[in-house]
Amino acid sequence: MEKTIFDRDKSAVIIVDMVNDFLKPGGAFVKGLGDKYVDQEELIGSNRRLIEAARSAQVPVFFTRTVRKPGEPRYLEHFIPLTGHRAKSHALESLVEGTWGDEIIDELKPLPTEHIIHKKRRSAFLNTSLDFILRSLGRTTLVITGIGTPGCVESTVRSAFDLDYYIVMPKECTSTSSGAEDKQRALVHIGNHCAIVSTLEKVVSAMKAPTPVPLLNLREMAI
């Protein structure tokens, strides 16, 4: 029973890839592909509120960035080629380590004491120190948010599930540039297989609660 509760002392927040190249007008994906998040204002505002609540509750916040060296190829020989305009993402000079484009957006600026996980692929757990750090802090429940819902976020959720973490996703805190329907499909699939899809209000309330809350109480039935 103890494992099926949301205990802020055993929880952590992971914000996936909320960087300038994906979200800002001068970012590589915005300029190169015309990527847009129709709910971007809600996406950023909701993540900011979640981060503030986590910090107030002393829940650790982790940020991820996909990093490359200049000219580094992306998913070439080993990756099934994408079709249509998304294939152009292979050629973008984007997410280059040390550049403005690969920085976390100013609205969600990490504190000096918070971890930034550098990753090479979609999942924040693949060949990174994230699992090691979480286990060293005794964190067993993860609130995972960010972009994109059916891409890096879902990959991170699936990895976390396979590593036996409990996962909660506040639906306002994630999005995809491929549209609301794609986000909805991803949330339904995630909610059916690996995580509790919740609302920001329920997650923030659980962080503020004086005693742990049953995880199932966070589930948002209508996703």
# chains A, B, ... in the order shown; residues from 1 in each chain; ligands from 1

$ select_by_dssp --residues "range 43-223 of chain A" --states "strand (DSSP E)" --output "ChimeraX atom specification"
/A:61-66,115-119,141-147,166-170,174-175,196-198,213-214

$ residues_around --residues "Ile44 in chain A" --least-positions-apart "6" --cutoff "12 Å" --atoms "only C-alpha atoms" --output "list in words"
Ile15, Asp17, Met18, Val19, Asn20, Leu23, Lys24, Tyr37, Val38, Leu50, Ile51, Ile104, Ile105, Asp106, Glu107, Leu108, Lys109, Thr145, Gly146, Ile147, Glu172, Cys173, Thr174 and Ser175 of chain A

$ residues_around --residues "range 59-66 of chain A" --least-positions-apart "3" --cutoff "8 Å" --atoms "only C-alpha atoms" --output "compact mmCIF listing (two decimals) with C-alpha atoms, in the first residue's frame"
# COMPACT_ATOMS: atom_id res chain seq x y z
CA ARG A 8 6.26 14.35 -1.87
CA ASP A 9 9.26 13.12 0.13
CA SER A 11 8.78 12.24 -5.53
CA ALA A 12 10.62 14.26 -8.16
CA VAL A 13 9.63 16.41 -11.14
CA ILE A 14 11.22 15.94 -14.58
CA ILE A 15 10.79 18.71 -17.17
CA VAL A 16 11.65 17.36 -20.62
CA ASP A 17 13.35 19.52 -23.27
CA MET A 18 11.69 22.90 -22.66
CA VAL A 19 14.44 24.71 -24.57
CA ILE A 51 7.98 23.98 -10.63
CA ALA A 54 7.65 21.51 -6.25
CA ARG A 55 10.26 23.93 -4.94
CA SER A 56 7.92 25.06 -2.20
CA LEU A 95 20.24 21.68 -29.89
CA ASP A 102 19.81 24.48 -26.25
CA GLU A 103 19.20 26.51 -23.09
CA ILE A 104 16.13 26.00 -20.91
CA PRO A 110 16.67 26.11 -13.31
CA GLU A 114 18.90 21.80 -9.67
CA HIS A 115 20.05 19.06 -12.03
CA ILE A 116 20.12 19.47 -15.81
CA ILE A 117 20.32 16.07 -17.52
CA HIS A 118 22.06 16.07 -20.91
CA LYS A 119 20.74 13.35 -23.19
CA LYS A 120 21.54 12.15 -26.70
CA ARG A 121 18.27 10.44 -27.54
CA ARG A 122 14.60 10.79 -26.69
CA ALA A 124 16.02 11.02 -20.42

$ closest_residue --among "A:Thr176, A:Gln40, A:Ser123, A:Ser94" --to "Pro150 in chain A" --atoms "only C-alpha atoms"
A:Thr176

$ residues_around --residues "range 202-207 of chain A" --least-positions-apart "2" --cutoff "6 Å" --atoms "only C-alpha atoms" --output "list of chain:residue names"
A:Arg8, A:Thr199, A:Leu200, A:Ala209, A:Leu218

$ write_last_selection --atoms "N, CA and C atoms" --output "compact mmCIF listing (two decimals), in the first residue's frame"
# COMPACT_ATOMS: atom_id res chain seq x y z
N ARG A 8 5.35 13.34 -1.33
CA ARG A 8 6.26 14.35 -1.87
C ARG A 8 7.70 14.10 -1.46
N THR A 199 -4.22 16.10 -13.60
CA THR A 199 -4.32 17.53 -13.90
C THR A 199 -3.31 18.26 -13.02
N LEU A 200 -2.95 19.44 -13.46
CA LEU A 200 -2.03 20.25 -12.68
C LEU A 200 -2.59 20.53 -11.29
N ALA A 209 -0.37 18.69 0.19
CA ALA A 209 -1.11 17.93 1.20
C ALA A 209 -0.22 17.59 2.39
N LEU A 218 -5.26 10.78 -8.06
CA LEU A 218 -4.78 11.80 -9.00
C LEU A 218 -5.24 11.54 -10.43

$ select_by_dssp --residues "range 11-142 of chain A" --states "alpha helix (DSSP H)" --output "PyMOL selection string"
chain A and resi 20-23+28-33+40-56+130-136

$ atom_distance --atom1 "CA of Leu142 in chain A" --atom2 "CA of Pro170 in chain A"
11.1 Å

$ residues_around --residues "Pro214 in chain A" --least-positions-apart "5" --cutoff "12 Å" --atoms "only C-alpha atoms" --output "list in words"
Met1, Glu2, Lys3, Thr4, Ile5, Phe6, Asp7, Arg8, Thr141, Tyr166, Val168, Ile196, Lys202, Val203, Ala206, Ala209 and Arg219 of chain A

$ write_last_selection --atoms "N, CA and C atoms" --output "CSV table (one decimal), in the first residue's frame"
chain,number,residue,atom,x,y,z
A,1,MET,N,0.8,-1.2,0.0
A,1,MET,CA,0.0,0.0,0.0
A,1,MET,C,0.9,1.3,0.0
A,2,GLU,N,2.0,1.2,0.7
A,2,GLU,CA,2.8,2.4,0.9
A,2,GLU,C,3.3,2.8,-0.5
A,3,LYS,N,3.6,1.9,-1.4
A,3,LYS,CA,4.1,2.3,-2.7
A,3,LYS,C,3.1,2.9,-3.6
A,4,THR,N,1.8,2.8,-3.3
A,4,THR,CA,0.8,3.3,-4.2
A,4,THR,C,0.2,4.7,-3.7
A,5,ILE,N,1.1,5.4,-3.1
A,5,ILE,CA,0.7,6.8,-2.6
A,5,ILE,C,1.6,7.8,-3.2
A,6,PHE,N,1.1,9.0,-3.4
A,6,PHE,CA,2.0,10.1,-3.8
A,6,PHE,C,2.5,10.8,-2.5
A,7,ASP,N,3.8,10.5,-2.3
A,7,ASP,CA,4.5,11.1,-1.1
A,7,ASP,C,5.5,12.1,-1.7
A,8,ARG,N,5.3,13.3,-1.3
A,8,ARG,CA,6.3,14.4,-1.9
A,8,ARG,C,7.7,14.1,-1.5
A,141,THR,N,8.5,8.1,-7.2
A,141,THR,CA,7.4,8.6,-8.0
A,141,THR,C,7.8,9.8,-8.8
A,166,TYR,N,6.9,5.0,-10.4
A,166,TYR,CA,5.5,5.4,-10.5
A,166,TYR,C,5.5,6.7,-11.2
A,168,VAL,N,3.3,10.1,-12.8
A,168,VAL,CA,2.2,11.0,-12.9
A,168,VAL,C,2.4,12.0,-14.0
A,196,ILE,N,-0.2,7.5,-14.6
A,196,ILE,CA,-1.4,8.2,-14.2
A,196,ILE,C,-1.5,9.5,-14.9
A,202,LYS,N,-4.6,18.8,-9.4
A,202,LYS,CA,-4.5,17.6,-8.5
A,202,LYS,C,-3.1,17.3,-8.1
A,203,VAL,N,-2.1,17.5,-9.0
A,203,VAL,CA,-0.7,17.3,-8.6
A,203,VAL,C,-0.2,18.4,-7.6
A,206,ALA,N,-1.6,17.6,-4.3
A,206,ALA,CA,-0.9,16.5,-3.6
A,206,ALA,C,0.4,16.9,-3.0
A,209,ALA,N,-0.4,18.7,0.2
A,209,ALA,CA,-1.1,17.9,1.2
A,209,ALA,C,-0.2,17.6,2.4
A,219,ARG,N,-5.8,10.4,-10.7
A,219,ARG,CA,-6.1,10.0,-12.1
A,219,ARG,C,-7.2,11.0,-12.6
